[in-house]
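Chemist: One structure, pasted below without further comment.
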Amino acid sequence: MRKKLLLFLLLSSGILLSSFSIKKDLKMINNDSTKDSTDVKVDSLLTIMTLEEKVGQMNQYNGFWDVTGPSPEGGNAEKKYDDLRKGRVGSMLTVRGTDQVRAVQKIVVEESRLGIPLIIGFDVIHGYKTLSPIPLAEAASWDLEAIKKSASVAAAEAAASGINWTFAPMVDISRDPRWGRVMEGAGEDPFLGSAIARARVRGFQGDDLSAVNTIAATAKHFAAYGFAEAGREYNKADIGTVTLHNIVLPPFKAAEEAGVKTFMNGFNELNGIPVTGNEFLLGDILKEKWNFEGFVISDWASIGEMVTHGYAKDMAHAAEIAVKAGVDMDMESSSYVDELVELVKAGHVDEALVDDAVRRILRVKFELGLFDDPYKYCDPEREETVIGSKENQEAVLDIAKKSIVLLKNENNLLPLKKTGQRIAVIGPLADDNNSVLGSWRIASEDNSGISILEGLKQYSGNELLFEKGAELLTKKPTFINELEFNTTDKSGFEKAITVAKNSDVVILVLGEHGFQSGEGRSRTALDLPGIQQELMEKIYEANKNVILVLNNGRPLVLNWASENIPAIVEAWHLGTQTGNAVAQVLYGDYNPSGKLPMTFPRSVGQIPIYYNHKNTGRPVDPQPGDNMVFWSHYIDEESSPLYPFGFGLSYTSFNYSNLKVENSFAVNEEVKVSVELSNTGDYDGKEVVQLYIRDLFAKVVRPVRELKGFQLVELKKGESKTVNFSLTEKELGYYDQNGDFIVEPGDFEIFVGTNSNASLKTTFSLQQ
Ligand code: BGC
């Protein structure tokens, strides 16, 4: 034990190097002035590791307490304990709480030969115990500071509970709301997605990874998982290089540039090659072109799954493919720990590849400060004070309010009057304090959210009448079981209808259950599940003053509601503070400012539907006189979405005018754009001013619109402001088929406004 502690001290002080200076290669490292001290320590440690110990660092096991996926064969606790003792484990996931983490650290530190501490990973997706809104909802805030703050709250709580590393942010762009994991990302747009990726990475990792309130982040799932065919989970993706480079990769690159410490590959194959074994993605792009210095972890058992894909003939072959492609750590397939040593000994895998992977892993462990003190994240007192603190609750309430999107508000039904009203609160999700937490909330307590009913009760000036109307589910839901929906029991309808009739206003809370989106939760229908549509129609018949509050983890198809219900509030799954956030918005104590980060379709048949589509040779908006059949459209549905990307209303109104840009610029010049924004309504408010460009003619056909700037602008009622944007080569160029970034001279249109349909337009040209 003493020997091991000494090793830690020596390593962390760099002294170890001299004691091994007889080794020639180490001397070379010592003399290499380009290496920083962490590299020196890593290299010195590497020289005393056996091949078995190195491979052990590349192995990650799930904890014995939680399971988020199918356990691999032989993944029993006894084998895992034994491997921990033998230095055959570098990381564990889903171990949590200072007691549990200390327990597993103690095994490796005290019982394995070198005592190299574990790095403890966990899916801290939208908070640890104090939950923020699901990531898709947070993206609707377009508020990068609030998003960063939310990630830093999550990091502080997780770190206080012994966690070193989160498997977030998920930066997969997706155009398919059938895919359940859209809840976990930032939506459909690479520009917004990149900005949010940066904010989240910075929020989790902070400025100092060794601080006790920061954790390493993961950009996942590299790459194209969000393009799973037909939105069916784990399905293959087939996309061309232009889409790959311009749509899929930019948020990953943004995360890398923000210093993200790890990448995770996806489960999917891309154009015939599983991304876990994809040398082009992991090697050529990530590690060479982008020069990524952190490490890559596989997704859960995804190395082994290459056998099932039909890409590897057996586990050993899968391990060989993965390590050669650039996967540094194996999550739960045991393929590295069982096969890699032999593969190296047999000459199938070069040990240099193992060394490279181990170097990457050890570097992050050093940066986290784990070699200084492997128990530094295991302070029960800190755990007690940090988790669930008042400050954290306030931060998640703040982002929850900002994530709400007002979709419709006819006759200014909202905000609600604070007194003298009789308000009916109806709907299966209205008093639910569990569903509001959303998917991916493994560490939070069940039922620890504030329900919408509870939030509304805090405004005591009105009379509230609650009637559920119907159950959404027939059984208690869990994260790992299929949900069972109530499709028959309408026994509660009558009471709810009576209450609706006797009220001034009805707040109807409907939507998806919190476990209905997330991993493994693909849907073919995007309507309100169960008997909610029928309930809504009956309530509307009884009282037309309905405010529909939606809880959901993905865009839904809401045609009937959108036509009939006068007010619609998109409240997603907002986490712990849901009820307070919704109540503050409904009562006007927070004027909604959220904007959709993903298109809401009119019909599932329109999917994939997204704003930055191509014009085609026969565009969707034909001009008078054009042929009325042979153009790009559907014969049974409009081509336009129900709610476009970037859409969201406020209680006040904004006017855009005076959009200005000079006529022409040189290719490398900054293009300055300005617009006048006025608050013309009756409330102070905040607007997300959005700037889109269209490159009219290019070597690779460009989308009809691309978001290239946005700003959150707060205006008092009656106030006006000039909003300035600047566009550089970075915004005006694009990637060609080879993945080369080019900026072409030519004509551009600029649109500035309140959503992706903005009509205020001007033009400029770029000259050679
Ligand atoms: C998911 C990952 C997650 C991992 C660990 C997998 O099923 O795809 O995103 O980080 O499990 O829980």
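All residue names refer to the structure tokens as shown: chains lettered A, B, ... in order, residues numbered from 1 in each chain, ligands numbered from 1 in order.
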Just list as a PyMOL selection string whatever in region 508-539 of chain A DSSP marks as alpha helix (DSSP H).
Modeler: chain A and resi 532-539
Chemist: Using only C-alpha atoms and all ligand atoms, find each protein or nucleic acid residue lying at most 9 Å from ligand 1; present the set as JSON, numbers by chain.
Modeler: {"A": [62, 67, 68, 69, 70, 93, 94, 121, 122, 123, 124, 125, 166, 167, 168, 170, 218, 220, 221, 234, 264, 265, 266, 267, 298, 299, 300, 301, 302, 331, 519, 520]}
Chemist: What lies within 12 Å of Ile107 (chain A) using only C-alpha atoms, ignoring chain neighbours under 6 positions off, as a CSV table (one decimal) with N, CA, C and O atoms, in the first residue's frame?
Modeler:
```csv
chain,number,residue,atom,x,y,z
A,1,MET,N,0.8,-1.2,0.0
A,1,MET,CA,0.0,0.0,0.0
A,1,MET,C,0.9,1.3,0.0
A,1,MET,O,0.7,2.2,-0.8
A,80,LYS,N,-15.6,-9.4,-12.5
A,80,LYS,CA,-15.2,-8.0,-12.4
A,80,LYS,C,-14.4,-7.6,-11.2
A,80,LYS,O,-13.4,-6.9,-11.4
A,81,TYR,N,-14.7,-8.1,-10.1
A,81,TYR,CA,-13.9,-7.9,-8.9
A,81,TYR,C,-12.5,-8.4,-9.1
A,81,TYR,O,-11.5,-7.7,-8.8
A,82,ASP,N,-12.4,-9.6,-9.7
A,82,ASP,CA,-11.1,-10.2,-9.9
A,82,ASP,C,-10.3,-9.3,-10.9
A,82,ASP,O,-9.1,-9.1,-10.6
A,83,ASP,N,-10.9,-8.9,-11.9
A,83,ASP,CA,-10.2,-8.1,-12.9
A,83,ASP,C,-9.8,-6.7,-12.3
A,83,ASP,O,-8.7,-6.2,-12.6
A,84,LEU,N,-10.6,-6.2,-11.4
A,84,LEU,CA,-10.2,-4.9,-10.8
A,84,LEU,C,-8.9,-5.2,-10.0
A,84,LEU,O,-8.0,-4.4,-10.1
A,85,ARG,N,-8.9,-6.2,-9.3
A,85,ARG,CA,-7.7,-6.6,-8.4
A,85,ARG,C,-6.5,-6.8,-9.3
A,85,ARG,O,-5.4,-6.5,-8.9
A,86,LYS,N,-6.7,-7.3,-10.5
A,86,LYS,CA,-5.5,-7.7,-11.3
A,86,LYS,C,-5.1,-6.5,-12.2
A,86,LYS,O,-4.3,-6.7,-13.1
A,87,GLY,N,-5.7,-5.4,-12.1
A,87,GLY,CA,-5.3,-4.2,-12.9
A,87,GLY,C,-5.8,-4.4,-14.3
A,87,GLY,O,-5.2,-3.9,-15.3
A,88,ARG,N,-6.9,-5.1,-14.5
A,88,ARG,CA,-7.5,-5.4,-15.8
A,88,ARG,C,-8.7,-4.5,-16.1
A,88,ARG,O,-9.4,-4.8,-17.0
A,89,VAL,N,-8.8,-3.4,-15.3
A,89,VAL,CA,-9.9,-2.5,-15.5
A,89,VAL,C,-9.4,-1.0,-15.4
A,89,VAL,O,-8.7,-0.7,-14.4
A,100,GLN,N,-19.8,4.2,-3.1
A,100,GLN,CA,-19.6,3.2,-4.2
A,100,GLN,C,-18.2,3.5,-4.9
A,100,GLN,O,-17.5,2.6,-5.2
A,101,VAL,N,-18.0,4.8,-5.2
A,101,VAL,CA,-16.8,5.1,-6.0
A,101,VAL,C,-15.6,4.8,-5.1
A,101,VAL,O,-14.6,4.2,-5.6
A,113,ARG,N,-1.4,-4.2,-8.9
A,113,ARG,CA,0.1,-4.0,-8.8
A,113,ARG,C,0.5,-2.5,-8.8
A,113,ARG,O,1.3,-2.1,-8.0
A,114,LEU,N,-0.1,-1.8,-9.8
A,114,LEU,CA,0.3,-0.4,-9.9
A,114,LEU,C,-0.6,0.6,-9.2
A,114,LEU,O,-0.2,1.8,-9.0
A,115,GLY,N,-1.8,0.2,-8.9
A,115,GLY,CA,-2.7,1.1,-8.2
A,115,GLY,C,-3.1,2.3,-9.1
A,115,GLY,O,-3.4,3.3,-8.5
A,116,ILE,N,-3.3,2.1,-10.4
A,116,ILE,CA,-3.7,3.2,-11.2
A,116,ILE,C,-5.2,3.4,-11.0
A,116,ILE,O,-6.0,2.5,-11.2
A,117,PRO,N,-5.6,4.6,-10.6
A,117,PRO,CA,-7.0,4.9,-10.3
A,117,PRO,C,-7.9,4.7,-11.5
A,117,PRO,O,-7.5,4.9,-12.7
A,118,LEU,N,-9.1,4.4,-11.2
A,118,LEU,CA,-10.1,4.2,-12.3
A,118,LEU,C,-10.6,5.6,-12.6
A,118,LEU,O,-10.6,6.5,-11.8
A,374,PRO,N,-6.6,9.7,-5.6
A,374,PRO,CA,-7.7,8.9,-6.2
A,374,PRO,C,-9.0,9.0,-5.6
A,374,PRO,O,-10.0,8.7,-6.2
A,375,TYR,N,-9.0,9.6,-4.3
A,375,TYR,CA,-10.3,9.7,-3.6
A,375,TYR,C,-10.8,11.2,-3.6
A,375,TYR,O,-11.6,11.5,-2.8
```
Chemist: Taking only C-alpha atoms into account, which of A:Val661, A:Ala758, A:Val701, A:Ala230 comes nearest Val604 (chain A)?
Modeler: A:Ala230
Chemist: Excluding same-chain residues fewer than 2 positions from Leu473 (chain A), what lies within 7 Å of it counting only C-alpha atoms, as a list in words?
Modeler: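 Listing them by chain and then by number gives Glu471, Lys475, Glu484, Phe485 and Asn486 of chain A.
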Chemist: Of the candidates A:Leu649, A:Ile173, A:Ala500, A:Ile404, which one gets nearest to Tyr610 (chain A) if we count only C-alpha atoms?
Modeler: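 Of the candidates, the smallest distance to Tyr610 (chain A) is held by A:Ile173.
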Chemist: Leaving out region 304-311 of chain A and any residue of its chain fewer than 5 positions from it, which residues lie within 8 Å of it when counting only C-alpha atoms, given as a short mmCIF file (atom, residue, chain, number, x, y, z; two decimals) with N, CA, C and O atoms, in the first residue's frame?
Modeler:
```
data_model
loop_
_atom_site.label_atom_id
_atom_site.label_comp_id
_atom_site.auth_asym_id
_atom_site.auth_seq_id
_atom_site.Cartn_x
_atom_site.Cartn_y
_atom_site.Cartn_z
N ILE A 273 -20.02 0.49 -43.06
CA ILE A 273 -18.96 0.18 -42.08
C ILE A 273 -19.45 0.60 -40.68
O ILE A 273 -19.77 1.79 -40.49
N PRO A 274 -19.49 -0.32 -39.72
CA PRO A 274 -19.87 0.10 -38.36
C PRO A 274 -18.94 1.23 -37.90
O PRO A 274 -17.72 1.13 -38.10
N THR A 276 -17.91 1.94 -35.10
CA THR A 276 -16.95 1.45 -34.09
C THR A 276 -15.66 0.97 -34.74
O THR A 276 -14.60 1.00 -34.12
N GLY A 277 -15.77 0.56 -35.98
CA GLY A 277 -14.57 0.05 -36.66
C GLY A 277 -14.21 0.92 -37.83
O GLY A 277 -13.59 0.45 -38.79
N ALA A 318 -13.18 -8.51 -33.88
CA ALA A 318 -13.83 -7.23 -33.58
C ALA A 318 -12.88 -6.33 -32.80
O ALA A 318 -12.75 -5.13 -33.08
N ALA A 319 -12.19 -6.91 -31.82
CA ALA A 319 -11.24 -6.11 -31.02
C ALA A 319 -10.13 -5.57 -31.91
O ALA A 319 -9.73 -4.41 -31.80
N SER A 333 -17.80 -4.70 -23.55
CA SER A 333 -17.92 -5.92 -24.38
C SER A 333 -16.86 -6.93 -23.98
O SER A 333 -16.88 -8.07 -24.44
N SER A 335 -14.10 -7.32 -24.98
CA SER A 335 -13.32 -7.83 -26.11
C SER A 335 -11.85 -7.44 -25.98
O SER A 335 -10.98 -8.24 -26.31
#
```
Chemist: Rank nothing, just name the residue among A:Ile635, A:Leu46, A:Ile607, A:Val743 nearest to Glu351 (chain A), using only C-alpha atoms.
Modeler: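 Among the listed residues, A:Leu46 lies closest to Glu351 (chain A).
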Chemist: Mind pulling up the distance from CA of Arg181 (chain A) to CA of Ile321 (chain A)?
Modeler: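 It comes out at 27.1 Å.
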